[in-house]
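Chemist: What follows is a single structure, and I will ask about it in a moment.
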Amino acid sequence: MAKKRLYDIVLFGATGFTGGLTAEYLARSGGKLRWALAGRNPQKLEAVRQRLAAINPACTQLPLLIADVDDSDSLQRVAEAAKVVITTVGPYIRYGEPLVAACAAAGTDYVDLTGEPEFVDRMWLGYHEQARKTGARIVHCCGFDSIPHDLGVYFTVQQLPEESPIRIEGFVRAGGQFSGGTLHSAVTAFSRLRQGVDAKVQRRRREQFPYDRRIGSLRPRVRFHETLGTWVVPMPTIDPQVVRRSAAGIERYGPDFRYGHYLQVREFSGVAKLVGGVAAVLAGAQIPYTRRKLLEMRHPGEGPTEEQRARGWFRVTFLGRSGSRRVRCEVAGGDPGYGETSKMLAESALCLAQDKLPKTAGVITPAIAMGDALIKRLQKNGIQFRVMETPA
């Protein structure tokens with residue numbers, strides 16, 4: 001079915017901040033890519049097309065598709081026209097489901113950059129079985145959440161024997177600024193903790209992990225890490241959940257797999273500030289007045305300048321062990337929130353549209369859907385996956 005599609009990729013949300021960066025990346029990708037922009041405002045779409053034409057003159061004729069999350073027929077037309085749909089329209093818990101539904105029904109591959117656990121769980125509950133039947137690959141978390149962590153663990157697992165229990169810890173360091181869209185998604189997720197727990201419980205009741213393999217987490221705790229020379233703080237992000245689901249779906253992770261996920265902090269005073277800051281935002285998101293004030297700090301479509309993005313960076317260190325084998329791996333790149341996120345998102349879509357991949361379907365993780373092929377693409381485009389050392 002996908003071979004007959006009019007477009008390889010349709011990008012929904014190009015008029016937003018990260019969507020615009022993703023469009024620019026695709027414009028620079030060259031080749032014979034058949035792609036289009038989709039959105040609800042034709043004037044804004046035309047402005048994006050003109051900007052892209054300055055990067056690549058071929059974009060002068062880039063098709064513009066009018067579609068709105070409140071118009072299911074328009075989303076159906078987009079899904080049926082594309083091999084892969086990219087969406088950057090968030091918060092996804094508010095705006096994401098109609099497009100997932102359209103792609104699952106049409107057998108169309110889908111990628112987004114959500115980091116919202118409730119949204120991912122609800123999409124699995126609502127559309128996993130339908131997507132399996134139609135052949136659609138619904139792949140969430142294709143930005144900084146959770147490509148470096150999911151594929152970084154996958155890469156580290158390849159360096160370890162699978163016969164013994166595998167234990168991996170990921171340690172994140174990064175420098176960069178956030179956009180209005182990221183702020184709105186985070187505050188919205190914090191304000192829906194009860195609904196998120198409900199979706200998680202429902203999924204846990206229905207989801208079947210392998211009965212003959214053990215998949216779980218390492219006990220999280222704040223501590224000073226002697227090897228790294230920094231304090232490490234458990235990160236309550238979606239990334240560990242994505243990693244565990246990849247482990248459940250890929251036998252190479254072995255019969256007994258555990259993962260721990262941390263943020264590196266140089267000084268103990270930084271630990272207190274970090275915990276206090278997160279607690280304050282979490283508490284503020286529960287109250288309508290303070291939630292509104294938090295959202296007013298930055299509006300959707302606003303984000304760091306090109307100069308600020310150029311100074312951004314990230315580095316994720318993975319310490320793995322299996323039996324007597326020890327390994328230290330690293331995934332590193334530039335601006336985590338936007339420069340590299342738009343690259344990861346675009347390359348994920350290109351990978352699904354163009355590469356020969358394992359036959360999978362349903363609501364699945366980046367590692368399950370794309371694995372080695374996506375790592376190769378990212379390495380080719382400046383994101384490092386490397387083995388740092390393999391001590392005895």
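Chain identifiers are assigned as A, B, and so on, following the order in which chains appear in the structure tokens; residues are numbered from 1 within each chain, and ligands are numbered from 1 in order of appearance.
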Can you pull out the residues contacting Leu218 (chain A)? Cut-off 12 Å, using only C-alpha atoms, and skip same-chain residues under 5 positions away; I want them as a ChimeraX atom specification.
Modeler: /A:166-170,234,240,244,256-262
Chemist: Within 8 Å of Leu113 (chain A), counting only C-alpha atoms, which residues qualify if same-chain residues fewer than 5 places away don't, as a list of chain:residue names?
Modeler: A:Thr87, A:Thr88, A:His140, A:Cys141, A:Cys142, A:Gly143, A:Phe144, A:Asp145, A:Thr341, A:Leu345
Chemist: Write out as a PyMOL selection string which residues come within 8 Å of Val100 (chain A) when counting only C-alpha atoms, dropping same-chain ones fewer than 5 positions away.
Modeler: chain A and resi 110+123+127+138
Chemist: Using only C-alpha atoms, determine which residues lie at most 10 Å from Ala283 (chain A), disregarding the query and same-chain residues fewer than 6 positions distant; provide the list as a ChimeraX atom specification.
Modeler: /A:190-191,277,290-291
Chemist: Which residue gives the smallest distance to Gln130 (chain A) among A:Arg386, A:Pro304, A:Ser29, A:Gly107, with only C-alpha atoms counted?
Modeler: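 Of A:Arg386, A:Pro304, A:Ser29, A:Gly107, the one nearest Gln130 (chain A), counting only C-alpha atoms, is A:Gly107.
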Chemist: Write down as number ranges by chain the residues of region 37-158 of chain A whose backbone DSSP state falls under helix (DSSP H, G or I).
Modeler: A: 42-55, 57-61, 72-81, 92-95, 97-106, 117-134, 147-157
Chemist: Point out the residue among A:Glu116, A:Glu46, A:Glu296, A:Glu97 with the least atom-to-atom distance to Arg192 (chain A), counting only C-alpha atoms.
Modeler: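 Distance minimum relative to Arg192 (chain A) lands on A:Glu116.
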Chemist: Any idea what the distance is between CA of Arg245 (chain A) and CA of Val363 (chain A)?
Modeler: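 Separation of CA of Arg245 (chain A) and CA of Val363 (chain A): 10.7 Å.
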Chemist: Please give the complete set of residues from region 104-209 of chain A that DSSP, run on the backbone, assigns to strand (DSSP E or B), formatted as a list in words.
Modeler: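 Selection result, strand (DSSP E or B) within region 104-209 of chain A: Asp109, Tyr110, Val111, Asp112, Arg137, Ile138, Val139, Gly143, Ser146, Ile166, Arg167, Ile168, Glu169, Gly170, Phe171, Val172, Arg173, Ala174 and Gly175 of chain A.
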Chemist: Using only C-alpha atoms, please write the residues we just selected to a file, as a CSV table (one decimal), in the first residue's frame.
Modeler:
```csv
chain,number,residue,atom,x,y,z
A,109,ASP,CA,3.9,5.2,9.4
A,110,TYR,CA,3.9,8.0,12.0
A,111,VAL,CA,6.6,9.8,14.0
A,112,ASP,CA,6.5,12.5,16.6
A,137,ARG,CA,4.4,1.8,12.5
A,138,ILE,CA,3.4,4.4,15.2
A,139,VAL,CA,6.7,5.6,16.6
A,143,GLY,CA,13.4,13.6,19.4
A,146,SER,CA,14.0,9.3,23.5
A,166,ILE,CA,22.6,-7.1,31.5
A,167,ARG,CA,22.7,-4.0,33.7
A,168,ILE,CA,23.0,-0.5,32.1
A,169,GLU,CA,22.9,2.9,33.5
A,170,GLY,CA,22.5,6.1,31.4
A,171,PHE,CA,23.8,9.4,32.6
A,172,VAL,CA,22.7,12.6,30.8
A,173,ARG,CA,24.6,16.0,30.6
A,174,ALA,CA,23.3,18.7,28.3
A,175,GLY,CA,23.3,22.5,27.7
```
Chemist: Choose the residue, out of A:Thr114, A:Ser217, A:Gln195, A:Thr134, that has the smallest atom-to-atom separation from Gln241 (chain A); count only C-alpha atoms.
Modeler: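 Distance minimum relative to Gln241 (chain A) lands on A:Ser217.
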Chemist: Using only C-alpha atoms, what table do you get, as a tab-separated table, when you list each residue of region 93-135 of chain A with an atom no more than 9 Å from region 199-216 of chain A, its nearest pair of atoms, and their distance in Å rounded to one decimal, rows by chain then rising number?
Modeler:
```
residue	atom	partner	partner_atom	distance
A:Pro117	CA	A:Lys200	CA	8.0
A:Glu118	CA	A:Ala199	CA	6.0
A:Phe119	CA	A:Ala199	CA	8.4
A:Asp121	CA	A:Ala199	CA	5.9
A:Arg122	CA	A:Ala199	CA	6.0
A:Trp124	CA	A:Arg203	CA	7.6
A:Leu125	CA	A:Arg203	CA	6.3
```
Chemist: Mind checking which residues fall within 10 Å of region 220-227 of chain A, counting only C-alpha atoms, ignoring those fewer than 5 positions away in the same chain, and posting them as a list in words?
Modeler: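 Using only C-alpha atoms, the neighbours found are Val232, Val233, Pro234, Met235, Pro236, Tyr259, Gly260, His261, Tyr262, Leu263, Gln264, Val265, Arg266, Glu267, Phe268, Val271 and Leu319 of chain A.
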Chemist: Pull N, CA, C and O atoms from the residues just selected and write them as a PDB file, in the first residue's frame.
Modeler:
```pdb
ATOM      1  N   VAL A 232      24.669  12.176  40.671  1.00  0.00           N
ATOM      2  CA  VAL A 232      23.689  11.711  39.689  1.00  0.00           C
ATOM      3  C   VAL A 232      22.319  11.667  40.348  1.00  0.00           C
ATOM      4  O   VAL A 232      22.174  11.236  41.491  1.00  0.00           O
ATOM      5  N   VAL A 233      21.311  12.147  39.591  1.00  0.00           N
ATOM      6  CA  VAL A 233      19.946  12.272  40.105  1.00  0.00           C
ATOM      7  C   VAL A 233      19.001  11.512  39.173  1.00  0.00           C
ATOM      8  O   VAL A 233      19.047  11.715  37.950  1.00  0.00           O
ATOM      9  N   PRO A 234      18.160  10.624  39.712  1.00  0.00           N
ATOM     10  CA  PRO A 234      17.214   9.902  38.846  1.00  0.00           C
ATOM     11  C   PRO A 234      16.368  10.875  38.018  1.00  0.00           C
ATOM     12  O   PRO A 234      15.885  11.886  38.538  1.00  0.00           O
ATOM     13  N   MET A 235      16.198  10.571  36.730  1.00  0.00           N
ATOM     14  CA  MET A 235      15.414  11.411  35.825  1.00  0.00           C
ATOM     15  C   MET A 235      14.046  10.765  35.589  1.00  0.00           C
ATOM     16  O   MET A 235      13.954   9.718  34.942  1.00  0.00           O
ATOM     17  N   PRO A 236      12.975  11.389  36.089  1.00  0.00           N
ATOM     18  CA  PRO A 236      11.634  10.812  35.920  1.00  0.00           C
ATOM     19  C   PRO A 236      11.021  11.186  34.575  1.00  0.00           C
ATOM     20  O   PRO A 236       9.913  11.709  34.489  1.00  0.00           O
ATOM     21  N   TYR A 259      17.606  -1.342  33.705  1.00  0.00           N
ATOM     22  CA  TYR A 259      18.119  -0.033  33.264  1.00  0.00           C
ATOM     23  C   TYR A 259      17.851   1.028  34.325  1.00  0.00           C
ATOM     24  O   TYR A 259      16.800   1.041  34.966  1.00  0.00           O
ATOM     25  N   GLY A 260      18.816   1.949  34.482  1.00  0.00           N
ATOM     26  CA  GLY A 260      18.665   3.111  35.352  1.00  0.00           C
ATOM     27  C   GLY A 260      19.006   4.372  34.583  1.00  0.00           C
ATOM     28  O   GLY A 260      19.935   4.375  33.762  1.00  0.00           O
ATOM     29  N   HIS A 261      18.293   5.475  34.841  1.00  0.00           N
ATOM     30  CA  HIS A 261      18.404   6.695  34.042  1.00  0.00           C
ATOM     31  C   HIS A 261      18.630   7.889  34.960  1.00  0.00           C
ATOM     32  O   HIS A 261      17.837   8.129  35.881  1.00  0.00           O
ATOM     33  N   TYR A 262      19.705   8.668  34.703  1.00  0.00           N
ATOM     34  CA  TYR A 262      20.114   9.714  35.622  1.00  0.00           C
ATOM     35  C   TYR A 262      20.534  10.993  34.893  1.00  0.00           C
ATOM     36  O   TYR A 262      20.971  10.950  33.736  1.00  0.00           O
ATOM     37  N   LEU A 263      20.438  12.099  35.603  1.00  0.00           N
ATOM     38  CA  LEU A 263      21.011  13.374  35.181  1.00  0.00           C
ATOM     39  C   LEU A 263      22.270  13.608  35.991  1.00  0.00           C
ATOM     40  O   LEU A 263      22.280  13.428  37.211  1.00  0.00           O
ATOM     41  N   GLN A 264      23.354  14.018  35.319  1.00  0.00           N
ATOM     42  CA  GLN A 264      24.595  14.342  36.014  1.00  0.00           C
ATOM     43  C   GLN A 264      24.560  15.785  36.505  1.00  0.00           C
ATOM     44  O   GLN A 264      24.171  16.698  35.769  1.00  0.00           O
ATOM     45  N   VAL A 265      24.993  15.991  37.748  1.00  0.00           N
ATOM     46  CA  VAL A 265      25.062  17.325  38.355  1.00  0.00           C
ATOM     47  C   VAL A 265      26.416  17.455  39.028  1.00  0.00           C
ATOM     48  O   VAL A 265      26.802  16.600  39.837  1.00  0.00           O
ATOM     49  N   ARG A 266      27.155  18.523  38.725  1.00  0.00           N
ATOM     50  CA  ARG A 266      28.531  18.644  39.218  1.00  0.00           C
ATOM     51  C   ARG A 266      28.611  18.810  40.735  1.00  0.00           C
ATOM     52  O   ARG A 266      29.420  18.156  41.402  1.00  0.00           O
ATOM     53  N   GLU A 267      27.805  19.695  41.294  1.00  0.00           N
ATOM     54  CA  GLU A 267      27.882  19.996  42.718  1.00  0.00           C
ATOM     55  C   GLU A 267      26.618  19.562  43.435  1.00  0.00           C
ATOM     56  O   GLU A 267      25.522  19.559  42.849  1.00  0.00           O
ATOM     57  N   PHE A 268      26.752  19.244  44.720  1.00  0.00           N
ATOM     58  CA  PHE A 268      25.580  18.837  45.485  1.00  0.00           C
ATOM     59  C   PHE A 268      24.569  19.968  45.596  1.00  0.00           C
ATOM     60  O   PHE A 268      23.354  19.726  45.629  1.00  0.00           O
ATOM     61  N   VAL A 271      22.115  19.712  42.978  1.00  0.00           N
ATOM     62  CA  VAL A 271      21.092  18.690  43.192  1.00  0.00           C
ATOM     63  C   VAL A 271      19.889  19.300  43.899  1.00  0.00           C
ATOM     64  O   VAL A 271      18.736  19.106  43.494  1.00  0.00           O
ATOM     65  N   LEU A 319      26.999   3.143  31.105  1.00  0.00           N
ATOM     66  CA  LEU A 319      27.873   2.161  31.748  1.00  0.00           C
ATOM     67  C   LEU A 319      27.121   0.836  31.803  1.00  0.00           C
ATOM     68  O   LEU A 319      26.070   0.737  32.442  1.00  0.00           O
TER      69      LEU A 319
END
```
Chemist: Residues at most 12 Å from region 52-61 of chain A, counting only C-alpha atoms, excluding those fewer than 6 positions away in the same chain, as a list in words?
Modeler: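 Within the cut-off, the hits are Ala14, Thr15, Gly20, Leu21, Thr22, Ala23, Glu24, Tyr25, Leu26, Ala27, Arg28, Ser29, Gly30, Gly31, Lys32, Leu33, Arg34, Trp35, Ala36, Leu37, Leu45 and Glu46 of chain A.
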Chemist: Those residues with N, CA, C and O atoms, as an mmCIF file, in the first residue's frame please?
Modeler:
```cif
data_model
loop_
_atom_site.group_PDB
_atom_site.id
_atom_site.type_symbol
_atom_site.label_atom_id
_atom_site.label_comp_id
_atom_site.auth_asym_id
_atom_site.auth_seq_id
_atom_site.Cartn_x
_atom_site.Cartn_y
_atom_site.Cartn_z
ATOM 1 N N ALA A 14 4.671 22.455 10.444
ATOM 2 C CA ALA A 14 5.881 23.157 10.010
ATOM 3 C C ALA A 14 5.877 24.631 10.377
ATOM 4 O O ALA A 14 6.922 25.286 10.349
ATOM 5 N N THR A 15 4.711 25.200 10.741
ATOM 6 C CA THR A 15 4.667 26.611 11.096
ATOM 7 C C THR A 15 5.089 26.848 12.545
ATOM 8 O O THR A 15 5.245 27.994 12.961
ATOM 9 N N GLY A 20 9.374 24.005 12.038
ATOM 10 C CA GLY A 20 10.106 24.785 11.045
ATOM 11 C C GLY A 20 11.536 24.309 10.879
ATOM 12 O O GLY A 20 12.045 24.228 9.749
ATOM 13 N N LEU A 21 12.189 23.961 11.982
ATOM 14 C CA LEU A 21 13.555 23.436 11.899
ATOM 15 C C LEU A 21 13.575 22.081 11.196
ATOM 16 O O LEU A 21 14.495 21.782 10.428
ATOM 17 N N THR A 22 12.558 21.269 11.443
ATOM 18 C CA THR A 22 12.470 19.972 10.768
ATOM 19 C C THR A 22 12.267 20.155 9.271
ATOM 20 O O THR A 22 12.868 19.442 8.449
ATOM 21 N N ALA A 23 11.440 21.122 8.892
ATOM 22 C CA ALA A 23 11.229 21.419 7.472
ATOM 23 C C ALA A 23 12.524 21.871 6.815
ATOM 24 O O ALA A 23 12.847 21.461 5.690
ATOM 25 N N GLU A 24 13.288 22.708 7.495
ATOM 26 C CA GLU A 24 14.565 23.172 6.945
ATOM 27 C C GLU A 24 15.536 22.007 6.766
ATOM 28 O O GLU A 24 16.268 21.944 5.772
ATOM 29 N N TYR A 25 15.528 21.089 7.705
ATOM 30 C CA TYR A 25 16.404 19.920 7.590
ATOM 31 C C TYR A 25 16.028 19.082 6.376
ATOM 32 O O TYR A 25 16.888 18.643 5.605
ATOM 33 N N LEU A 26 14.735 18.852 6.195
ATOM 34 C CA LEU A 26 14.289 18.078 5.035
ATOM 35 C C LEU A 26 14.609 18.806 3.735
ATOM 36 O O LEU A 26 14.977 18.180 2.729
ATOM 37 N N ALA A 27 14.502 20.132 3.738
ATOM 38 C CA ALA A 27 14.826 20.905 2.534
ATOM 39 C C ALA A 27 16.292 20.749 2.156
ATOM 40 O O ALA A 27 16.647 20.740 0.969
ATOM 41 N N ARG A 28 17.138 20.598 3.161
ATOM 42 C CA ARG A 28 18.583 20.449 2.903
ATOM 43 C C ARG A 28 18.958 19.017 2.563
ATOM 44 O O ARG A 28 20.088 18.762 2.128
ATOM 45 N N SER A 29 18.049 18.069 2.798
ATOM 46 C CA SER A 29 18.413 16.655 2.639
ATOM 47 C C SER A 29 18.645 16.278 1.188
ATOM 48 O O SER A 29 19.321 15.290 0.896
ATOM 49 N N GLY A 30 18.089 17.052 0.247
ATOM 50 C CA GLY A 30 18.330 16.787 -1.176
ATOM 51 C C GLY A 30 17.702 15.482 -1.622
ATOM 52 O O GLY A 30 16.747 14.979 -1.031
ATOM 53 N N GLY A 31 18.259 14.909 -2.689
ATOM 54 C CA GLY A 31 17.719 13.660 -3.210
ATOM 55 C C GLY A 31 16.392 13.853 -3.894
ATOM 56 O O GLY A 31 15.980 14.967 -4.226
ATOM 57 N N LYS A 32 15.693 12.748 -4.097
ATOM 58 C CA LYS A 32 14.411 12.772 -4.797
ATOM 59 C C LYS A 32 13.256 12.575 -3.826
ATOM 60 O O LYS A 32 12.300 11.869 -4.123
ATOM 61 N N LEU A 33 13.360 13.196 -2.688
ATOM 62 C CA LEU A 33 12.326 13.063 -1.669
ATOM 63 C C LEU A 33 11.024 13.720 -2.143
ATOM 64 O O LEU A 33 11.009 14.869 -2.562
ATOM 65 N N ARG A 34 9.948 12.969 -2.067
ATOM 66 C CA ARG A 34 8.620 13.505 -2.373
ATOM 67 C C ARG A 34 7.957 13.855 -1.040
ATOM 68 O O ARG A 34 7.615 12.968 -0.270
ATOM 69 N N TRP A 35 7.826 15.154 -0.783
ATOM 70 C CA TRP A 35 7.274 15.521 0.512
ATOM 71 C C TRP A 35 6.390 16.747 0.406
ATOM 72 O O TRP A 35 6.358 17.425 -0.622
ATOM 73 N N ALA A 36 5.647 17.004 1.475
ATOM 74 C CA ALA A 36 4.685 18.099 1.488
ATOM 75 C C ALA A 36 4.568 18.640 2.913
ATOM 76 O O ALA A 36 4.936 17.978 3.887
ATOM 77 N N LEU A 37 4.064 19.860 3.013
ATOM 78 C CA LEU A 37 3.763 20.480 4.297
ATOM 79 C C LEU A 37 2.259 20.427 4.524
ATOM 80 O O LEU A 37 1.472 20.582 3.586
ATOM 81 N N LEU A 45 1.676 28.505 5.993
ATOM 82 C CA LEU A 45 2.345 27.451 5.228
ATOM 83 C C LEU A 45 3.096 28.042 4.040
ATOM 84 O O LEU A 45 4.224 27.632 3.737
ATOM 85 N N GLU A 46 2.497 29.009 3.374
ATOM 86 C CA GLU A 46 3.148 29.652 2.244
ATOM 87 C C GLU A 46 4.411 30.379 2.692
ATOM 88 O O GLU A 46 5.437 30.351 1.993
#
```
Chemist: One decimal, Å: what's the distance from CA of Val84 (chain A) over to CA of Leu352 (chain A), could you say?
Modeler: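 Rounded to one decimal, the two atoms are 7.0 Å apart.
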